[in-house]
file my_file_25.txt (compact mmCIF, C-alpha atoms)
# COMPACT_ATOMS: atom_id res chain seq x y z
CA MET A 1 90.39 -167.26 3.06
CA LEU A 2 90.89 -168.07 6.75
CA SER A 3 88.30 -166.60 9.10
CA SER A 4 89.23 -163.85 11.54
CA VAL A 5 89.46 -164.52 15.27
CA SER A 6 86.05 -162.95 15.93
CA THR A 7 84.20 -165.02 13.31
CA ARG A 8 85.70 -168.43 14.05
CA LEU A 9 83.37 -171.20 15.15
CA ILE A 10 85.77 -172.23 17.93
CA GLN A 11 86.78 -169.52 20.39
CA LEU A 12 89.68 -170.20 22.77
CA LYS A 13 89.70 -167.18 25.05
CA ARG A 14 92.13 -168.64 27.60
CA ILE A 15 94.57 -171.53 27.23
CA ALA A 16 95.90 -173.08 30.44
CA VAL A 17 99.20 -174.97 30.24
CA LEU A 18 99.68 -177.54 32.99
CA THR A 19 103.41 -178.18 33.33
CA ASP A 20 105.68 -180.13 35.66
CA LEU A 21 108.63 -178.01 34.43
CA GLY A 22 110.29 -181.19 33.19
CA THR A 23 112.04 -181.98 29.92
CA ASP A 24 108.84 -181.88 27.85
CA SER A 25 107.82 -178.43 29.08
CA GLU A 26 109.68 -176.38 26.48
CA LYS A 27 108.15 -178.11 23.46
CA MET A 28 104.68 -178.18 25.04
CA LEU A 29 104.81 -174.51 25.99
CA ARG A 30 106.07 -173.52 22.54
CA TYR A 31 103.17 -175.41 20.97
CA ALA A 32 100.62 -173.86 23.36
CA ALA A 33 102.01 -170.39 22.66
CA SER A 34 101.62 -170.99 18.92
CA LEU A 35 97.96 -171.87 19.48
CA ALA A 36 97.45 -168.85 21.75
CA ARG A 37 98.81 -166.47 19.15
CA TRP A 38 96.67 -167.96 16.38
CA TYR A 39 93.49 -167.90 18.46
CA GLY A 40 94.22 -164.60 20.20
CA SER A 41 94.06 -166.39 23.58
CA GLU A 42 95.25 -165.45 27.02
CA LEU A 43 97.90 -167.83 28.36
CA LEU A 44 97.81 -169.25 31.89
CA LEU A 45 100.85 -171.24 33.09
CA VAL A 46 99.97 -173.71 35.84
CA HIS A 47 102.33 -175.69 38.07
CA ALA A 48 101.62 -177.73 41.19
CA TYR A 49 104.52 -178.85 43.37
CA PRO A 50 104.12 -181.36 46.23
CA PRO A 51 104.09 -180.20 49.86
CA GLU A 52 107.40 -180.43 51.67
CA PHE A 53 107.79 -183.56 53.76
CA TYR A 54 109.10 -183.22 57.28
CA PRO A 55 109.87 -186.61 58.91
CA ALA A 56 109.10 -187.18 62.59
CA ILE A 57 112.84 -187.49 63.24
CA PRO A 58 114.66 -185.00 61.00
CA LEU A 59 117.60 -186.53 59.19
CA GLU A 60 119.10 -183.16 58.29
CA PRO A 61 118.45 -179.49 59.05
CA LEU A 62 115.10 -178.14 57.84
CA PRO A 63 113.74 -176.74 55.59
CA MET A 64 115.04 -178.79 52.65
CA TRP A 65 115.36 -176.33 49.76
CA PRO A 66 116.12 -177.23 46.14
CA ALA A 67 119.73 -177.20 44.94
CA SER A 68 119.19 -173.63 43.72
CA GLY A 69 118.92 -172.49 47.34
CA LEU A 70 115.44 -171.06 46.68
CA SER A 71 112.20 -172.13 48.28
CA PRO A 72 110.17 -174.62 46.17
CA LYS A 73 107.77 -171.87 45.06
CA ALA A 74 110.53 -169.38 44.23
CA ASP A 75 112.42 -172.12 42.40
CA ALA A 76 109.32 -172.95 40.31
CA GLU A 77 108.70 -169.26 39.57
CA GLN A 78 112.30 -168.83 38.42
CA LYS A 79 112.07 -171.87 36.12
CA VAL A 80 108.84 -170.57 34.60
CA LYS A 81 110.43 -167.15 34.03
CA GLU A 82 113.46 -168.77 32.37
CA LEU A 83 111.13 -170.73 30.08
CA THR A 84 109.04 -167.71 29.12
CA ASP A 85 112.16 -165.64 28.43
CA LYS A 86 113.77 -168.41 26.38
CA LEU A 87 110.63 -168.89 24.28
CA HIS A 88 109.97 -165.13 23.92
CA LEU A 89 106.48 -165.26 25.42
CA ASN A 90 106.42 -161.76 26.86
CA ASP A 91 104.06 -160.59 24.10
CA LEU A 92 101.45 -163.02 25.45
CA MET A 93 101.84 -161.66 29.02
CA PRO A 94 101.15 -165.10 30.54
CA LYS A 95 99.57 -165.31 33.97
CA LEU A 96 101.04 -167.71 36.53
CA LEU A 97 99.26 -170.12 38.85
CA ILE A 98 101.89 -171.87 41.02
CA ARG A 99 100.77 -173.69 44.13
CA GLU A 100 102.02 -176.16 46.74
CA THR A 101 99.20 -178.63 46.25
CA SER A 102 97.99 -181.74 44.44
CA VAL A 103 96.92 -181.93 40.81
CA GLY A 104 93.31 -182.42 41.88
CA HIS A 105 93.30 -179.27 43.99
CA ILE A 106 94.95 -177.11 41.36
CA LEU A 107 92.41 -178.30 38.78
CA SER A 108 89.68 -177.04 41.12
CA GLU A 109 91.47 -173.70 41.45
CA MET A 110 91.86 -173.47 37.68
CA ASP A 111 88.07 -173.52 37.42
CA GLU A 112 88.02 -169.91 38.62
CA TYR A 113 89.96 -168.90 35.48
CA HIS A 114 87.43 -170.55 33.10
CA PRO A 115 89.98 -171.93 30.62
CA SER A 116 88.73 -172.75 27.14
CA LEU A 117 91.46 -175.36 26.70
CA VAL A 118 94.04 -177.16 28.85
CA VAL A 119 97.36 -178.23 27.31
CA LEU A 120 99.74 -180.76 28.87
CA ALA A 121 102.23 -183.48 27.98
CA THR A 122 102.48 -187.04 29.26
CA GLN A 123 105.27 -189.59 29.50
CA GLY A 124 102.75 -192.30 28.68
CA ARG A 125 103.35 -194.62 31.63
CA LYS A 126 102.04 -198.13 31.09
CA GLY A 127 101.76 -201.45 32.87
CA LEU A 128 102.94 -201.73 36.47
CA GLU A 129 104.48 -198.24 36.47
CA LYS A 130 101.12 -196.71 35.56
CA CYS A 131 99.35 -198.81 38.20
CA LEU A 132 101.79 -197.67 40.88
CA VAL A 133 102.39 -194.05 39.87
CA GLY A 134 99.31 -193.26 37.81
CA SER A 135 98.97 -190.78 34.97
CA VAL A 136 98.43 -187.06 35.51
CA ALA A 137 97.11 -186.77 31.95
CA GLU A 138 94.45 -189.40 32.53
CA GLU A 139 93.50 -187.85 35.86
CA VAL A 140 93.07 -184.48 34.15
CA PHE A 141 90.89 -185.56 31.22
CA ARG A 142 88.74 -187.74 33.49
CA ARG A 143 88.07 -184.92 35.96
CA VAL A 144 87.73 -181.65 34.06
CA HIS A 145 84.91 -180.27 31.93
CA TRP A 146 87.19 -178.35 29.55
CA PRO A 147 88.72 -179.72 26.34
CA VAL A 148 92.20 -181.11 27.02
CA LEU A 149 94.93 -181.17 24.38
CA ILE A 150 97.64 -183.69 25.21
CA LEU A 151 101.07 -184.23 23.67
CA GLY A 152 101.92 -187.91 24.15
CA PRO A 153 105.38 -189.51 24.23
CA GLU A 154 105.39 -190.24 20.48
CA CYS A 155 104.40 -186.63 19.86
CA VAL A 156 106.93 -184.84 22.08
CA SER A 157 109.78 -187.04 20.83
CA THR A 158 109.38 -185.69 17.29
CA GLU A 159 109.49 -182.20 15.84
CA LEU A 160 106.01 -180.69 15.71
CA ALA A 161 105.15 -178.48 12.77
CA LEU A 162 104.29 -175.28 14.63
CA GLN A 163 102.10 -173.94 11.90
CA LYS A 164 99.38 -171.36 12.20
CA GLN A 165 96.72 -173.74 11.00
CA PHE A 166 95.85 -177.41 11.01
CA GLU A 167 95.70 -179.07 7.60
CA ARG A 168 94.29 -182.51 8.44
CA VAL A 169 92.06 -183.33 11.41
CA LEU A 170 91.00 -186.86 12.40
CA TYR A 171 87.79 -187.12 14.41
CA ALA A 172 87.16 -190.56 15.95
CA THR A 173 83.68 -191.48 17.17
CA ASP A 174 82.03 -194.50 18.76
CA LEU A 175 78.61 -193.17 17.62
CA SER A 176 77.56 -192.42 21.22
CA ALA A 177 76.15 -189.22 22.69
CA ILE A 178 79.53 -188.71 24.35
CA SER A 179 81.05 -188.08 20.90
CA VAL A 180 78.65 -185.29 19.88
CA ASN A 181 80.42 -182.37 21.58
CA ALA A 182 83.71 -183.57 20.11
CA LEU A 183 82.05 -183.54 16.67
CA HIS A 184 81.25 -179.84 17.12
CA TYR A 185 84.89 -179.10 17.91
CA ALA A 186 86.13 -181.22 15.00
CA ALA A 187 83.79 -179.50 12.56
CA GLY A 188 84.56 -176.04 13.95
CA ILE A 189 88.34 -176.45 13.97
CA SER A 190 88.33 -177.93 10.47
CA HIS A 191 86.16 -175.08 9.21
CA ASP A 192 88.23 -172.34 10.87
CA HIS A 193 91.52 -173.79 9.60
CA GLU A 194 90.18 -174.87 6.20
CA ALA A 195 91.43 -178.35 7.08
CA GLN A 196 90.49 -181.73 5.67
CA LEU A 197 88.26 -183.50 8.20
CA VAL A 198 88.23 -187.29 8.41
CA ALA A 199 85.51 -188.91 10.54
CA LEU A 200 86.51 -192.38 11.68
CA TYR A 201 84.31 -195.08 13.20
CA VAL A 202 85.98 -198.25 14.47
CA GLU A 203 83.82 -201.31 15.04
CA PRO A 204 85.46 -203.18 17.95
CA ASP A 205 84.36 -206.58 16.61
CA SER A 206 87.45 -207.69 14.68
CA THR A 207 85.65 -210.82 13.38
CA GLN A 208 83.81 -208.54 10.97
CA GLY A 209 85.40 -206.53 8.20
CA TYR A 210 83.98 -208.09 5.04
CA SER A 211 82.87 -205.74 2.27
CA PHE A 212 79.23 -206.03 3.36
CA ASP A 213 80.18 -205.15 6.94
CA HIS A 214 82.05 -202.10 5.65
CA VAL A 215 78.97 -200.90 3.77
CA ILE A 216 76.77 -201.24 6.87
CA ALA A 217 79.32 -199.54 9.15
CA GLN A 218 79.83 -196.72 6.64
CA GLN A 219 76.09 -196.12 6.49
CA ARG A 220 75.85 -196.12 10.29
CA LEU A 221 78.56 -193.46 10.48
CA GLU A 222 77.00 -191.29 7.77
CA ASP A 223 73.54 -191.55 9.36
CA TRP A 224 74.95 -190.68 12.80
CA LEU A 225 76.75 -187.61 11.43
CA GLN A 226 73.58 -186.50 9.67
CA ASP A 227 71.50 -186.95 12.84
CA ASN A 228 73.97 -184.91 14.91
CA ILE A 229 74.91 -182.27 12.36
CA ASP A 230 72.87 -179.66 14.28
CA GLY A 231 73.36 -176.64 12.03
CA MET A 232 76.91 -177.54 11.03
CA CYS A 233 76.18 -178.40 7.39
CA GLU A 234 78.70 -175.87 6.09
CA ALA A 235 81.34 -176.88 8.63
CA LEU A 236 80.98 -180.56 7.71
CA THR A 237 81.08 -179.99 3.95
CA GLY A 238 83.71 -182.22 2.42
CA VAL A 239 84.09 -184.50 5.45
CA HIS A 240 85.59 -187.88 4.53
CA CYS A 241 84.04 -190.88 6.31
CA ALA A 242 86.18 -193.91 7.14
CA VAL A 243 85.41 -197.18 8.96
CA ASP A 244 87.62 -199.95 10.29
CA PHE A 245 87.42 -203.05 12.46
CA GLY A 246 89.55 -204.06 15.44
CA LYS A 247 90.97 -202.41 18.55
CA PRO A 248 89.85 -198.74 18.44
CA GLU A 249 93.06 -197.39 20.01
CA SER A 250 95.25 -199.16 17.45
CA LYS A 251 93.10 -198.26 14.46
CA ILE A 252 92.80 -194.60 15.44
CA THR A 253 96.57 -194.15 15.69
CA GLU A 254 97.09 -196.12 12.45
CA VAL A 255 94.63 -193.98 10.50
CA ALA A 256 96.03 -190.78 12.02
CA ALA A 257 99.49 -191.77 10.81
CA GLN A 258 98.22 -192.78 7.35
CA GLN A 259 96.35 -189.48 6.99
CA GLN A 260 99.32 -187.51 8.39
CA ALA A 261 96.87 -185.86 10.76
CA ASP A 262 97.90 -182.72 12.62
CA LEU A 263 95.29 -183.32 15.32
CA VAL A 264 93.19 -186.23 16.62
CA ILE A 265 89.87 -185.41 18.33
CA VAL A 266 87.89 -187.81 20.53
CA GLY A 267 85.11 -187.45 23.08
CA ALA A 268 85.06 -188.35 26.78
CA ARG A 269 82.56 -188.25 29.61
CA GLY A 270 84.82 -186.28 31.95
CA MET A 271 83.88 -185.01 35.43
CA GLY A 272 85.05 -188.04 37.38
CA ALA A 273 83.98 -190.67 34.87
CA ILE A 274 84.80 -194.26 35.73
CA SER A 275 86.29 -196.79 33.35
CA ALA A 276 83.07 -198.82 33.23
CA ALA A 277 81.15 -195.94 31.65
CA ALA A 278 79.50 -196.38 28.28
CA SER A 279 81.91 -194.85 25.80
CA HIS A 280 84.86 -196.96 24.74
CA PHE A 281 86.89 -193.73 24.50
CA ILE A 282 86.94 -193.41 28.29
CA GLY A 283 89.92 -194.57 30.29
CA GLY A 284 92.14 -197.09 28.55
CA THR A 285 91.28 -196.39 24.91
CA ALA A 286 91.71 -192.61 25.09
CA TYR A 287 94.92 -192.98 27.06
CA ASP A 288 96.31 -195.56 24.62
CA VAL A 289 95.50 -193.24 21.69
CA ILE A 290 97.44 -190.47 23.44
CA CYS A 291 100.40 -192.77 24.06
CA GLY A 292 100.54 -193.98 20.44
CA SER A 293 99.67 -190.83 18.50
CA LYS A 294 102.41 -188.91 16.68
CA CYS A 295 100.27 -185.75 16.77
CA PRO A 296 98.46 -183.99 19.64
CA VAL A 297 95.16 -185.47 20.83
CA LEU A 298 92.24 -183.23 21.80
CA ILE A 299 89.85 -184.86 24.27
CA VAL A 300 86.47 -183.13 24.43
CA PRO A 301 84.18 -183.92 27.38
CA GLN A 302 80.41 -183.87 27.42
CA PRO A 303 79.05 -180.48 28.43
CA ARG A 304 77.86 -180.22 32.04
call {"tool": "encode", "arguments": {"input": "my_file_25.txt", "output": "structure tokens"}}
result
Amino acid sequence: MLSSVSTRLIQLKRIAVLTDLGTDSEKMLRYAASLARWYGSELLLVHAYPPEFYPAIPLEPLPMWPASGLSPKADAEQKVKELTDKLHLNDLMPKLLIRETSVGHILSEMDEYHPSLVVLATQGRKGLEKCLVGSVAEEVFRRVHWPVLILGPECVSTELALQKQFERVLYATDLSAISVNALHYAAGISHDHEAQLVALYVEPDSTQGYSFDHVIAQQRLEDWLQDNIDGMCEALTGVHCAVDFGKPESKITEVAAQQQADLVIVGARGMGAISAAASHFIGGTAYDVICGSKCPVLIVPQPR
């Protein structure tokens, strides 16, 4: 029998949805609302729009309002209201945080609301486009100290099963201390949803992979889980351990697809971490997992 909201190991008191009000917003907000209802969470809708640009020599009368004729803030507020009405979110009584500012500044302001989880979608920019434009999703999960659930391009392009519970959860670890907090979330979510939990360790050395290497890697994973179980024996009962060899980002998305996972969970350093930091889930790998995953990816930072 599923546990009640008050007795669940994972408590999500407030879910913040960071939206650009683009084409992915409706599916992302519907998914976040489904989570909020299941967890009994408050819902905070967050949108940052860029400051208006006034050239030194005006090329046309100012101010430059959107096509709707409203100011940028009023236009954003109207779009949010249209979304909430369309998706029937009035029962959740969502709070709004709409500001003329940068993503970095609005993340700082969000800190006052103490969100338990941030939800957003990403277009999954790569190559030169990503170098030039950057990725809001990557900026968010590098900077914040809250868990971040991201719907990548492969995820938002398909129909998500908006169910009340997860059935299969894939937890990927590099056996570092950075992965421990993510293990707690993986164990707690799997326990609360009565889901099958798969713990995956990918050895980056693709020259290995013989049967003997598999035995050693499997033992390393099992020993690491045992060392970091920290009172979660019941929550980790029935966990299935899996190992593979090769590029972690590719193997994680492959196994997630094979297992038909509803959720992938990985750890990250967070709080301004740089790409040269220890965990191979920071920066490129985590972002590539998000871009390739057909299900949402939950990135859990180390606690402060």
call {"tool": "closest_residue", "arguments": {"input": "my_file_25.txt", "among": "A:Asn90, A:Ser25, A:Gln208, A:Thr122", "to": "A:His47", "atoms": "only C-alpha atoms"}}
result
A:Ser25
call {"tool": "residues_around", "arguments": {"input": "my_file_25.txt", "residues": "A:Val264", "least_positions_apart": "3", "cutoff": "6 Å", "atoms": "only C-alpha atoms", "output": "NGL selection string"}}
result
:A and (170-171 or 297)
call {"tool": "closest_residue", "arguments": {"input": "my_file_25.txt", "among": "A:Asp223, A:Glu26, A:Asp174, A:Glu139", "to": "A:Val202", "atoms": "all atoms listed in the file"}}
result
A:Asp174
call {"tool": "residues_around", "arguments": {"input": "my_file_25.txt", "residues": "A:His114", "least_positions_apart": "6", "cutoff": "10 Å", "atoms": "all atoms listed in the file", "output": "list in words"}}
result
Lys13, Arg14, Ile15, Ala16 and Trp146 of chain A
call {"tool": "residues_around", "arguments": {"input": "my_file_25.txt", "residues": "A:Tyr201", "least_positions_apart": "6", "cutoff": "12 Å", "atoms": "only C-alpha atoms", "output": "PyMOL selection string"}}
result
chain A and resi 170-176+179+214+216-225+240-249+251-252+255+266+280-281
call {"tool": "atom_distance", "arguments": {"input": "my_file_25.txt", "atom1": "atom CA of A:Lys294", "atom2": "atom CA of A:Leu151"}}
result
8.5 Å
call {"tool": "closest_residue", "arguments": {"input": "my_file_25.txt", "among": "A:Leu35, A:Ser102, A:Leu18, A:Phe141", "to": "A:Val80", "atoms": "all atoms listed in the file"}}
result
A:Leu18
call {"tool": "residues_around", "arguments": {"input": "my_file_25.txt", "residues": "A:Lys86", "least_positions_apart": "2", "cutoff": "12 Å", "atoms": "only C-alpha atoms", "output": "PyMOL selection string"}}
result
chain A and resi 25-27+29-30+79-84+88-90
call {"tool": "residues_near_point", "arguments": {"input": "my_file_25.txt", "point": "(85.3, -179.1, 33.8)", "cutoff": "12 Å", "atoms": "all atoms listed in the file", "output": "JSON, numbers by chain"}}
result
{"A": [104, 107, 108, 109, 110, 111, 112, 113, 114, 115, 116, 117, 118, 140, 141, 142, 143, 144, 145, 146, 147, 148, 268, 269, 270, 271, 272, 273, 300, 301, 302, 303, 304]}
call {"tool": "atom_distance", "arguments": {"input": "my_file_25.txt", "atom1": "atom CA of A:Asn228", "atom2": "atom CA of A:Pro204"}}
result
21.8 Å
call {"tool": "build_atoms", "arguments": {"input": "my_file_25.txt", "residues": "stretch 246-266 of chain A", "atoms": "N, CA and C atoms", "output": "PDB file, keeping the file's coordinate frame"}}
result
ATOM      1  N   GLY A 246      88.445-203.648  14.581  1.00  0.00           N
ATOM      2  CA  GLY A 246      89.550-204.060  15.440  1.00  0.00           C
ATOM      3  C   GLY A 246      89.608-203.242  16.712  1.00  0.00           C
ATOM      4  N   LYS A 247      90.790-203.178  17.326  1.00  0.00           N
ATOM      5  CA  LYS A 247      90.970-202.410  18.550  1.00  0.00           C
ATOM      6  C   LYS A 247      90.934-200.918  18.223  1.00  0.00           C
ATOM      7  N   PRO A 248      89.979-200.171  18.780  1.00  0.00           N
ATOM      8  CA  PRO A 248      89.850-198.740  18.440  1.00  0.00           C
ATOM      9  C   PRO A 248      91.140-197.958  18.616  1.00  0.00           C
ATOM     10  N   GLU A 249      91.853-198.184  19.750  1.00  0.00           N
ATOM     11  CA  GLU A 249      93.060-197.390  20.010  1.00  0.00           C
ATOM     12  C   GLU A 249      94.122-197.612  18.942  1.00  0.00           C
ATOM     13  N   SER A 250      94.252-198.856  18.479  1.00  0.00           N
ATOM     14  CA  SER A 250      95.250-199.160  17.450  1.00  0.00           C
ATOM     15  C   SER A 250      94.853-198.571  16.105  1.00  0.00           C
ATOM     16  N   LYS A 251      93.581-198.736  15.757  1.00  0.00           N
ATOM     17  CA  LYS A 251      93.100-198.260  14.460  1.00  0.00           C
ATOM     18  C   LYS A 251      93.129-196.745  14.367  1.00  0.00           C
ATOM     19  N   ILE A 252      92.807-196.068  15.461  1.00  0.00           N
ATOM     20  CA  ILE A 252      92.800-194.600  15.440  1.00  0.00           C
ATOM     21  C   ILE A 252      94.205-194.073  15.190  1.00  0.00           C
ATOM     22  N   THR A 253      95.200-194.625  15.895  1.00  0.00           N
ATOM     23  CA  THR A 253      96.570-194.150  15.690  1.00  0.00           C
ATOM     24  C   THR A 253      97.089-194.536  14.310  1.00  0.00           C
ATOM     25  N   GLU A 254      96.679-195.703  13.797  1.00  0.00           N
ATOM     26  CA  GLU A 254      97.090-196.120  12.450  1.00  0.00           C
ATOM     27  C   GLU A 254      96.542-195.163  11.392  1.00  0.00           C
ATOM     28  N   VAL A 255      95.255-194.870  11.488  1.00  0.00           N
ATOM     29  CA  VAL A 255      94.630-193.980  10.500  1.00  0.00           C
ATOM     30  C   VAL A 255      95.206-192.577  10.613  1.00  0.00           C
ATOM     31  N   ALA A 256      95.448-192.111  11.829  1.00  0.00           N
ATOM     32  CA  ALA A 256      96.030-190.780  12.020  1.00  0.00           C
ATOM     33  C   ALA A 256      97.391-190.691  11.336  1.00  0.00           C
ATOM     34  N   ALA A 257      98.185-191.758  11.458  1.00  0.00           N
ATOM     35  CA  ALA A 257      99.490-191.770  10.810  1.00  0.00           C
ATOM     36  C   ALA A 257      99.355-191.837   9.295  1.00  0.00           C
ATOM     37  N   GLN A 258      98.430-192.658   8.804  1.00  0.00           N
ATOM     38  CA  GLN A 258      98.220-192.780   7.350  1.00  0.00           C
ATOM     39  C   GLN A 258      97.770-191.452   6.754  1.00  0.00           C
ATOM     40  N   GLN A 259      96.890-190.752   7.472  1.00  0.00           N
ATOM     41  CA  GLN A 259      96.350-189.480   6.990  1.00  0.00           C
ATOM     42  C   GLN A 259      97.291-188.310   7.252  1.00  0.00           C
ATOM     43  N   GLN A 260      98.385-188.564   7.972  1.00  0.00           N
ATOM     44  CA  GLN A 260      99.320-187.510   8.390  1.00  0.00           C
ATOM     45  C   GLN A 260      98.551-186.382   9.099  1.00  0.00           C
ATOM     46  N   ALA A 261      97.712-186.807  10.036  1.00  0.00           N
ATOM     47  CA  ALA A 261      96.870-185.860  10.760  1.00  0.00           C
ATOM     48  C   ALA A 261      97.704-184.938  11.639  1.00  0.00           C
ATOM     49  N   ASP A 262      97.275-183.690  11.730  1.00  0.00           N
ATOM     50  CA  ASP A 262      97.900-182.720  12.620  1.00  0.00           C
ATOM     51  C   ASP A 262      97.257-182.746  14.005  1.00  0.00           C
ATOM     52  N   LEU A 263      96.050-183.317  14.075  1.00  0.00           N
ATOM     53  CA  LEU A 263      95.290-183.320  15.320  1.00  0.00           C
ATOM     54  C   LEU A 263      94.304-184.481  15.293  1.00  0.00           C
ATOM     55  N   VAL A 264      94.204-185.197  16.420  1.00  0.00           N
ATOM     56  CA  VAL A 264      93.190-186.230  16.620  1.00  0.00           C
ATOM     57  C   VAL A 264      92.205-185.721  17.662  1.00  0.00           C
ATOM     58  N   ILE A 265      90.902-185.881  17.409  1.00  0.00           N
ATOM     59  CA  ILE A 265      89.870-185.410  18.330  1.00  0.00           C
ATOM     60  C   ILE A 265      88.963-186.571  18.712  1.00  0.00           C
ATOM     61  N   VAL A 266      88.796-186.778  20.023  1.00  0.00           N
ATOM     62  CA  VAL A 266      87.890-187.810  20.530  1.00  0.00           C
ATOM     63  C   VAL A 266      87.064-187.223  21.660  1.00  0.00           C
TER      64      VAL A 266
END
